[in-house]
Amino acid sequence: MSEFKELMKSFSKSREYVRDFFVYGFKTRDEFGDWSGRTYDNERRRLESWLSDYVRQDYTPNGKNIYLSIDSNLLDTNPLYRVWKAKSFTDNDIMLHFYILDYLQKADENTADAITDGILAEYAVMFDAQIVRRKCNQYAKDGILSKEKSGKEVLYRLNPPFQRLVSAHPNLSNAVKFYQLFSPLGIVGNTIMENASLQNDIFRIKHGFFVHTLEDEMLLSLLRAMHEEKTVLLSVKSTKTELVQETEGVPLKIFISTRTGRRFLCLYLPNAKRFSSVRLDAIKKAEIKEPYCDYKALREKLEKNKASAWGVSFQNSNHRHLEHVKLTLHIDEYCEAFILNRLEREGKGGVIRRIAPNTFCYETDVFDAYEMLPWIRTFIGRIIAVESDSQRLNQVFQRDFKAMYRMYFEETMEE
């Protein structure tokens with residue numbers, strides 16, 4: 001039987017629950033097919049305990065649904081950081097945490113064995129020396145303690161508190177306030193702020209993507225693999241079929257959509273001998289594997305190929321290397337020079353030609369012409385013709401245009 005607890009053992013589980021409510025929140029209880037009714041109730045209660053200020057309810061003909069409503073423009077920090085701080089712990093974990101920190105404030109530096117003996121002498125509590133050593137090593141890795149070898153002994157020392165560091169560098173607090181609100185892995189800055197008792201009273205982000213923090217655990221592993229020039233084994237859950245597949249490749253770059261804010265991992269697939277992109281929020285697990293010998297050569301090749309990528313796709317349904325797109329537009333060259341400026345600014349190196357008075361042609365070659373469709377649609381009302389090697393682009397554009405015509409003109413004529 002599933003029992004409700006506010007804290008979680010694994011952040012990966014928390015990420016899935018919060019994403020389902022935040023991104024797919026407009027679902028009723030019955031539409032969460034992968035969960036039992038009891039599990040749904042437990043996760044809903046956990047979410048409400050973490051983010052009660054942002055939980056909303058809506059009633060539809062199909063029933064009640066729960067969702068999160070967060071306006072980044074009004075907030076001084078990301079409320080989803082609370083999910084990171086909901087990790088469960090044992091009684092021994094929390095006691096040992098305070099015993100080690102309190103003892104090292106008095107003892108300056110010591111070995112794990114000496115710390116174990118000191119805790120017994122000071123607090124009359126006995127711990128296994130191996131457990132204390134493991135905890136000290138973990139805190140050294142996390143930056144709470146410093147670790148130094150002296151002869152055959154390993155000494156642990158308490159690092160200066162954040163308050164002292166911020167006091168020594170007054171401008172550092174502003175940098176941390178900005179970082180925690182804007183940058184990837186902002187939970188680090190938020191944790192520093194909490195430890196230093198800082199409040200963000202300066203910065204706000206008009207269009208922030210708070211949901212990114214749910215992907216940062218995967219992002220950290222991928223950035224580490226890139227830094228070490230290693231391959232990764234990914235478990236990827238399809239956003240359409242819900243199936244989980246394993247993909248092994250060489251991670252090269254993180255792309256971020258300026259339109260949707262969605263983040264993608266660009267990686268090279270050695271078996272297929274091509275580049276591919278995976279949505280970061282679809283990655284469930286990232287395991288770092290072996291070093292890749294030609295990593296720098298792949299990065300150089302990617303930089304060359306980026307010039308022909310409209311978005312993040314490096315392949316198309318026709319299996320051609322590049323697809324040609326020709327867009328013919330009616331533009332008043334005297335009153336609508338801003339449209340020409342926009343073509344030049346957003347056209348990613350495409351060629352713009354004046355072919356007749358007030359008529360201009362834009363042409364480019366890209367890996368996947370279908371990615372251009374949202375951008376092409378923004379010129380509706382000025383489009384004379386859209387021509388492309390991509391049958392998918394041609395068909396979908398014609399279908400959508402006809403549907404729009406029926407919606408706005410045929411229904412009006414009937415009235």
# chains A, B, ... in the order shown; residues from 1 in each chain; ligands from 1

call {"tool": "select_by_dssp", "arguments": {"residues": "range 137-322 of chain A", "states": "strand (DSSP E or B)", "output": "PyMOL selection string"}}
result
chain A and resi 145-150+153-158+230-237+244-256+263-269+274-279+283-291

call {"tool": "write_last_selection", "arguments": {"atoms": "C-alpha atoms", "output": "tab-separated table (two decimals), in the first residue's frame"}}
result
chain	number	residue	atom	x	y	z
A	145	LEU	CA	34.28	20.31	4.52
A	146	SER	CA	37.78	20.56	3.12
A	147	LYS	CA	39.86	17.41	2.93
A	148	GLU	CA	43.65	17.37	3.13
A	149	LYS	CA	46.17	14.52	3.36
A	150	SER	CA	48.92	14.90	5.99
A	153	GLU	CA	46.32	10.69	7.74
A	154	VAL	CA	43.40	12.46	6.07
A	155	LEU	CA	42.31	15.63	7.88
A	156	TYR	CA	38.87	17.23	7.60
A	157	ARG	CA	38.21	20.91	8.24
A	158	LEU	CA	35.00	22.93	8.27
A	230	LYS	CA	32.88	10.84	-22.79
A	231	THR	CA	29.91	9.01	-24.28
A	232	VAL	CA	26.61	8.63	-22.44
A	233	LEU	CA	23.91	5.97	-22.28
A	234	LEU	CA	20.50	7.67	-22.14
A	235	SER	CA	17.11	6.33	-21.15
A	236	VAL	CA	14.68	8.43	-23.18
A	237	LYS	CA	10.91	8.41	-22.76
A	244	VAL	CA	11.38	4.27	-22.89
A	245	GLN	CA	14.33	3.52	-25.18
A	246	GLU	CA	18.07	3.47	-24.61
A	247	THR	CA	20.33	5.63	-26.79
A	248	GLU	CA	24.11	5.75	-26.66
A	249	GLY	CA	25.96	8.69	-28.14
A	250	VAL	CA	28.47	11.49	-27.70
A	251	PRO	CA	26.98	14.61	-26.01
A	252	LEU	CA	28.20	17.78	-27.69
A	253	LYS	CA	26.01	20.80	-26.97
A	254	ILE	CA	22.84	22.02	-25.25
A	255	PHE	CA	20.43	23.95	-27.48
A	256	ILE	CA	17.71	26.21	-26.03
A	263	ARG	CA	16.14	22.57	-24.01
A	264	PHE	CA	17.68	19.91	-26.23
A	265	LEU	CA	20.79	17.77	-26.04
A	266	CYS	CA	22.69	17.51	-29.32
A	267	LEU	CA	24.65	14.28	-29.51
A	268	TYR	CA	26.45	12.26	-32.15
A	269	LEU	CA	25.28	8.67	-32.77
A	274	ARG	CA	24.89	11.32	-37.67
A	275	PHE	CA	23.91	14.07	-35.23
A	276	SER	CA	20.64	13.88	-33.32
A	277	SER	CA	18.78	15.96	-30.75
A	278	VAL	CA	16.88	14.80	-27.68
A	279	ARG	CA	14.58	16.85	-25.51
A	283	ILE	CA	15.75	12.01	-20.58
A	284	LYS	CA	15.05	9.85	-17.54
A	285	LYS	CA	18.58	8.62	-16.88
A	286	ALA	CA	22.07	9.54	-18.12
A	287	GLU	CA	24.97	7.15	-17.47
A	288	ILE	CA	28.47	8.41	-18.29
A	289	LYS	CA	30.47	5.79	-20.22
A	290	GLU	CA	33.87	5.70	-21.94
A	291	PRO	CA	36.01	8.55	-23.37

call {"tool": "residues_around", "arguments": {"residues": "range 118-122 of chain A", "least_positions_apart": "2", "cutoff": "10 Å", "atoms": "only C-alpha atoms", "output": "mmCIF file with N, CA and C atoms, in the first residue's frame"}}
result
data_model
loop_
_atom_site.group_PDB
_atom_site.id
_atom_site.type_symbol
_atom_site.label_atom_id
_atom_site.label_comp_id
_atom_site.auth_asym_id
_atom_site.auth_seq_id
_atom_site.Cartn_x
_atom_site.Cartn_y
_atom_site.Cartn_z
ATOM 1 N N LEU A 96 24.080 12.821 12.902
ATOM 2 C CA LEU A 96 25.499 12.840 12.557
ATOM 3 C C LEU A 96 25.882 14.138 11.859
ATOM 4 N N TYR A 99 26.346 16.691 14.612
ATOM 5 C CA TYR A 99 27.478 16.342 15.477
ATOM 6 C C TYR A 99 28.807 16.659 14.801
ATOM 7 N N ILE A 100 28.938 16.300 13.536
ATOM 8 C CA ILE A 100 30.195 16.550 12.818
ATOM 9 C C ILE A 100 30.460 18.049 12.708
ATOM 10 N N ASP A 102 29.217 20.571 14.464
ATOM 11 C CA ASP A 102 29.424 21.213 15.758
ATOM 12 C C ASP A 102 30.796 20.863 16.339
ATOM 13 N N TYR A 103 31.200 19.616 16.190
ATOM 14 C CA TYR A 103 32.493 19.205 16.734
ATOM 15 C C TYR A 103 33.649 19.890 16.010
ATOM 16 N N LEU A 104 33.554 19.999 14.680
ATOM 17 C CA LEU A 104 34.653 20.601 13.921
ATOM 18 C C LEU A 104 34.746 22.113 14.140
ATOM 19 N N ALA A 107 37.046 21.803 17.131
ATOM 20 C CA ALA A 107 38.294 21.038 17.016
ATOM 21 C C ALA A 107 39.149 21.455 15.826
ATOM 22 N N ASN A 110 40.545 17.450 12.012
ATOM 23 C CA ASN A 110 40.768 16.155 12.634
ATOM 24 C C ASN A 110 40.544 15.038 11.631
ATOM 25 N N ALA A 112 38.888 11.224 10.609
ATOM 26 C CA ALA A 112 37.571 10.629 10.832
ATOM 27 C C ALA A 112 37.533 9.855 12.145
ATOM 28 N N ASP A 113 38.626 9.142 12.470
ATOM 29 C CA ASP A 113 38.672 8.395 13.729
ATOM 30 C C ASP A 113 38.608 9.338 14.928
ATOM 31 N N ALA A 114 39.353 10.458 14.843
ATOM 32 C CA ALA A 114 39.346 11.427 15.938
ATOM 33 C C ALA A 114 37.977 12.088 16.076
ATOM 34 N N ILE A 115 37.321 12.354 14.955
ATOM 35 C CA ILE A 115 35.973 12.942 15.001
ATOM 36 C C ILE A 115 35.001 11.965 15.661
ATOM 37 N N THR A 116 35.124 10.670 15.316
ATOM 38 C CA THR A 116 34.267 9.645 15.931
ATOM 39 C C THR A 116 34.458 9.611 17.442
ATOM 40 N N ALA A 124 28.285 11.787 23.958
ATOM 41 C CA ALA A 124 27.934 10.457 24.484
ATOM 42 C C ALA A 124 27.107 9.646 23.494
ATOM 43 N N VAL A 125 27.462 9.787 22.215
ATOM 44 C CA VAL A 125 26.791 9.023 21.154
ATOM 45 C C VAL A 125 27.865 8.303 20.351
ATOM 46 N N MET A 126 27.647 7.004 20.112
ATOM 47 C CA MET A 126 28.660 6.222 19.408
ATOM 48 C C MET A 126 28.225 5.958 17.963
ATOM 49 N N PHE A 127 29.139 6.263 17.038
ATOM 50 C CA PHE A 127 28.945 5.948 15.621
ATOM 51 C C PHE A 127 30.104 5.089 15.155
ATOM 52 N N VAL A 132 31.246 7.556 9.820
ATOM 53 C CA VAL A 132 31.680 8.952 9.961
ATOM 54 C C VAL A 132 32.603 9.340 8.813
#

call {"tool": "select_by_dssp", "arguments": {"residues": "range 228-318 of chain A", "states": "alpha helix (DSSP H)", "output": "PyMOL selection string"}}
result
chain A and resi 228+295-306

call {"tool": "atom_distance", "arguments": {"atom1": "CA of Leu322 in chain A", "atom2": "CA of Lys304 in chain A"}}
result
13.6 Å

call {"tool": "closest_atom_pairs", "arguments": {"of": "range 211-316 of chain A", "to": "range 183-193 of chain A", "cutoff": "10 Å", "atoms": "only C-alpha atoms", "output": "CSV"}}
result
residue,atom,partner,partner_atom,distance
A:His212,CA,A:Pro184,CA,7.5
A:Thr213,CA,A:Leu185,CA,6.7
A:Leu214,CA,A:Leu185,CA,9.7
A:Glu215,CA,A:Leu185,CA,9.1
A:Asp216,CA,A:Leu185,CA,5.7
A:Glu217,CA,A:Leu185,CA,8.1
A:Leu219,CA,A:Leu185,CA,8.3
A:Leu220,CA,A:Leu185,CA,7.8

call {"tool": "atom_distance", "arguments": {"atom1": "CA of Arg19 in chain A", "atom2": "CA of Glu43 in chain A"}}
result
11.6 Å

call {"tool": "closest_residue", "arguments": {"among": "A:Gln199, A:Thr364, A:Asn78, A:Gln180", "to": "Ala307 in chain A", "atoms": "only C-alpha atoms"}}
result
A:Thr364

call {"tool": "atom_distance", "arguments": {"atom1": "CA of Arg134 in chain A", "atom2": "CA of Arg15 in chain A"}}
result
27.2 Å

call {"tool": "residues_around", "arguments": {"residues": "range 349-359 of chain A", "least_positions_apart": "5", "cutoff": "9 Å", "atoms": "only C-alpha atoms", "output": "JSON, numbers by chain"}}
result
{"A": [307, 328, 329, 330, 331, 332, 333, 334, 340, 343, 344, 364, 365, 384]}

call {"tool": "residues_around", "arguments": {"residues": "range 206-209 of chain A", "least_positions_apart": "2", "cutoff": "10 Å", "atoms": "only C-alpha atoms", "output": "list in words"}}
result
Ile70, Asp71, Ser72, Asn73, Leu74, Leu75, Asn78, Leu181, Phe182, Phe203, Arg204, Val211, His212, Thr213, Thr260, Gly261 and Arg262 of chain A

call {"tool": "write_last_selection", "arguments": {"atoms": "all heavy atoms", "output": "CSV table (one decimal), in the first residue's frame"}}
result
chain,number,residue,atom,x,y,z
A,70,ILE,N,2.3,29.5,-12.0
A,70,ILE,CA,3.4,30.3,-11.5
A,70,ILE,C,3.8,31.4,-12.5
A,70,ILE,O,4.0,31.1,-13.7
A,70,ILE,CB,4.7,29.3,-11.4
A,70,ILE,CG1,4.3,28.2,-10.3
A,70,ILE,CG2,5.9,30.1,-11.0
A,70,ILE,CD1,5.4,27.2,-10.2
A,71,ASP,N,3.8,32.6,-12.1
A,71,ASP,CA,4.2,33.8,-12.9
A,71,ASP,C,5.6,34.2,-12.5
A,71,ASP,O,5.8,34.8,-11.5
A,71,ASP,CB,3.2,34.9,-12.7
A,71,ASP,CG,3.4,36.0,-13.7
A,71,ASP,OD1,4.4,36.1,-14.4
A,71,ASP,OD2,2.5,36.9,-13.7
A,72,SER,N,6.6,33.9,-13.4
A,72,SER,CA,8.0,34.2,-13.1
A,72,SER,C,8.2,35.7,-13.0
A,72,SER,O,9.1,36.2,-12.3
A,72,SER,CB,8.9,33.7,-14.2
A,72,SER,OG,8.6,34.3,-15.5
A,73,ASN,N,7.3,36.5,-13.6
A,73,ASN,CA,7.5,38.0,-13.5
A,73,ASN,C,7.3,38.6,-12.1
A,73,ASN,O,7.8,39.7,-11.8
A,73,ASN,CB,6.5,38.6,-14.5
A,73,ASN,CG,6.7,40.1,-14.7
A,73,ASN,OD1,7.9,40.5,-14.8
A,73,ASN,ND2,5.7,40.9,-14.7
A,74,LEU,N,6.6,37.8,-11.2
A,74,LEU,CA,6.3,38.4,-9.9
A,74,LEU,C,7.2,37.8,-8.8
A,74,LEU,O,7.1,38.2,-7.7
A,74,LEU,CB,4.8,38.0,-9.6
A,74,LEU,CG,3.8,38.5,-10.6
A,74,LEU,CD1,2.4,38.1,-10.2
A,74,LEU,CD2,3.8,40.1,-10.7
A,75,LEU,N,8.0,36.8,-9.1
A,75,LEU,CA,8.7,36.1,-8.1
A,75,LEU,C,10.2,36.4,-8.0
A,75,LEU,O,10.8,36.7,-9.0
A,75,LEU,CB,8.5,34.6,-8.3
A,75,LEU,CG,7.1,34.1,-8.3
A,75,LEU,CD1,7.0,32.6,-8.6
A,75,LEU,CD2,6.4,34.4,-7.0
A,78,ASN,N,12.8,30.8,-7.7
A,78,ASN,CA,12.0,29.7,-8.4
A,78,ASN,C,11.4,28.8,-7.3
A,78,ASN,O,12.1,28.1,-6.6
A,78,ASN,CB,13.0,28.9,-9.3
A,78,ASN,CG,12.3,27.8,-10.1
A,78,ASN,OD1,11.1,27.5,-9.8
A,78,ASN,ND2,12.9,27.2,-11.0
A,181,LEU,N,18.2,33.0,-10.1
A,181,LEU,CA,16.9,33.2,-10.8
A,181,LEU,C,17.0,32.9,-12.3
A,181,LEU,O,16.0,32.6,-12.9
A,181,LEU,CB,16.5,34.7,-10.5
A,181,LEU,CG,15.1,35.1,-10.9
A,181,LEU,CD1,14.1,34.3,-10.1
A,181,LEU,CD2,14.9,36.5,-10.7
A,182,PHE,N,18.2,33.0,-12.8
A,182,PHE,CA,18.3,33.1,-14.3
A,182,PHE,C,19.1,31.9,-14.9
A,182,PHE,O,18.8,31.4,-16.0
A,182,PHE,CB,19.1,34.4,-14.7
A,182,PHE,CG,19.2,34.5,-16.2
A,182,PHE,CD1,18.2,34.9,-17.0
A,182,PHE,CD2,20.5,34.3,-16.8
A,182,PHE,CE1,18.3,35.0,-18.3
A,182,PHE,CE2,20.6,34.4,-18.1
A,182,PHE,CZ,19.6,34.8,-18.9
A,203,PHE,N,16.3,41.6,-8.6
A,203,PHE,CA,16.0,41.0,-9.9
A,203,PHE,C,14.7,40.4,-10.1
A,203,PHE,O,14.2,39.7,-9.1
A,203,PHE,CB,17.1,40.0,-10.3
A,203,PHE,CG,18.5,40.6,-10.3
A,203,PHE,CD1,19.4,40.3,-9.2
A,203,PHE,CD2,18.9,41.4,-11.3
A,203,PHE,CE1,20.7,40.8,-9.2
A,203,PHE,CE2,20.2,42.0,-11.3
A,203,PHE,CZ,21.1,41.7,-10.2
A,204,ARG,N,14.1,40.5,-11.3
A,204,ARG,CA,12.9,39.7,-11.7
A,204,ARG,C,13.1,39.3,-13.1
A,204,ARG,O,13.8,40.0,-13.9
A,204,ARG,CB,11.6,40.6,-11.6
A,204,ARG,CG,11.2,41.0,-10.2
A,204,ARG,CD,10.9,39.8,-9.3
A,204,ARG,NE,10.4,40.2,-8.0
A,204,ARG,CZ,11.2,40.4,-7.0
A,204,ARG,NH1,12.5,40.3,-7.1
A,204,ARG,NH2,10.6,40.7,-5.8
A,211,VAL,N,10.4,25.6,-14.9
A,211,VAL,CA,10.4,24.2,-15.0
A,211,VAL,C,11.7,23.6,-15.4
A,211,VAL,O,11.9,22.4,-15.2
A,211,VAL,CB,9.3,23.8,-16.1
A,211,VAL,CG1,9.7,24.0,-17.5
A,211,VAL,CG2,8.9,22.3,-15.9
A,212,HIS,N,12.7,24.4,-15.9
A,212,HIS,CA,14.0,23.9,-16.3
A,212,HIS,C,14.7,23.2,-15.1
A,212,HIS,O,15.5,22.3,-15.3
A,212,HIS,CB,14.9,25.0,-16.8
A,212,HIS,CG,14.6,25.4,-18.2
A,212,HIS,ND1,15.1,26.5,-18.9
A,212,HIS,CD2,13.7,24.8,-19.1
A,212,HIS,CE1,14.7,26.5,-20.1
A,212,HIS,NE2,13.8,25.6,-20.3
A,213,THR,N,14.4,23.7,-13.9
A,213,THR,CA,15.1,23.1,-12.7
A,213,THR,C,14.9,21.6,-12.6
A,213,THR,O,15.7,20.9,-12.0
A,213,THR,CB,14.8,23.9,-11.4
A,213,THR,OG1,15.7,23.5,-10.4
A,213,THR,CG2,13.4,23.6,-11.0
A,260,THR,N,10.2,28.7,-27.3
A,260,THR,CA,9.4,27.9,-26.3
A,260,THR,C,10.2,27.7,-25.0
A,260,THR,O,9.7,27.4,-24.0
A,260,THR,CB,9.1,26.5,-26.8
A,260,THR,OG1,10.4,25.8,-27.0
A,260,THR,CG2,8.4,26.6,-28.1
A,261,GLY,N,11.5,28.0,-25.0
A,261,GLY,CA,12.4,27.8,-23.8
A,261,GLY,C,12.8,26.3,-23.7
A,261,GLY,O,13.5,26.0,-22.7
A,262,ARG,N,12.3,25.4,-24.5
A,262,ARG,CA,12.6,24.0,-24.4
A,262,ARG,C,14.1,23.8,-24.6
A,262,ARG,O,14.7,24.4,-25.5
A,262,ARG,CB,11.8,23.2,-25.3
A,262,ARG,CG,11.9,21.7,-25.2
A,262,ARG,CD,10.8,21.0,-25.9
A,262,ARG,NE,9.5,21.2,-25.3
A,262,ARG,CZ,8.4,21.3,-26.0
A,262,ARG,NH1,8.4,21.4,-27.3
A,262,ARG,NH2,7.2,21.5,-25.4

call {"tool": "closest_residue", "arguments": {"among": "A:Thr90, A:Ser197, A:Tyr408, A:Asn159", "to": "Asp142 in chain A", "atoms": "only C-alpha atoms"}}
result
A:Asn159

call {"tool": "closest_residue", "arguments": {"among": "A:Ala225, A:Ile66, A:Leu47, A:Val366", "to": "Tyr292 in chain A", "atoms": "only C-alpha atoms"}}
result
A:Ala225

call {"tool": "closest_residue", "arguments": {"among": "A:Phe397, A:Asp117, A:Met404, A:Val325", "to": "Ala369 in chain A", "atoms": "only C-alpha atoms"}}
result
A:Val325

call {"tool": "closest_residue", "arguments": {"among": "A:Thr111, A:Val83, A:Asp53, A:Asp93", "to": "Gly151 in chain A", "atoms": "only C-alpha atoms"}}
result
A:Thr111
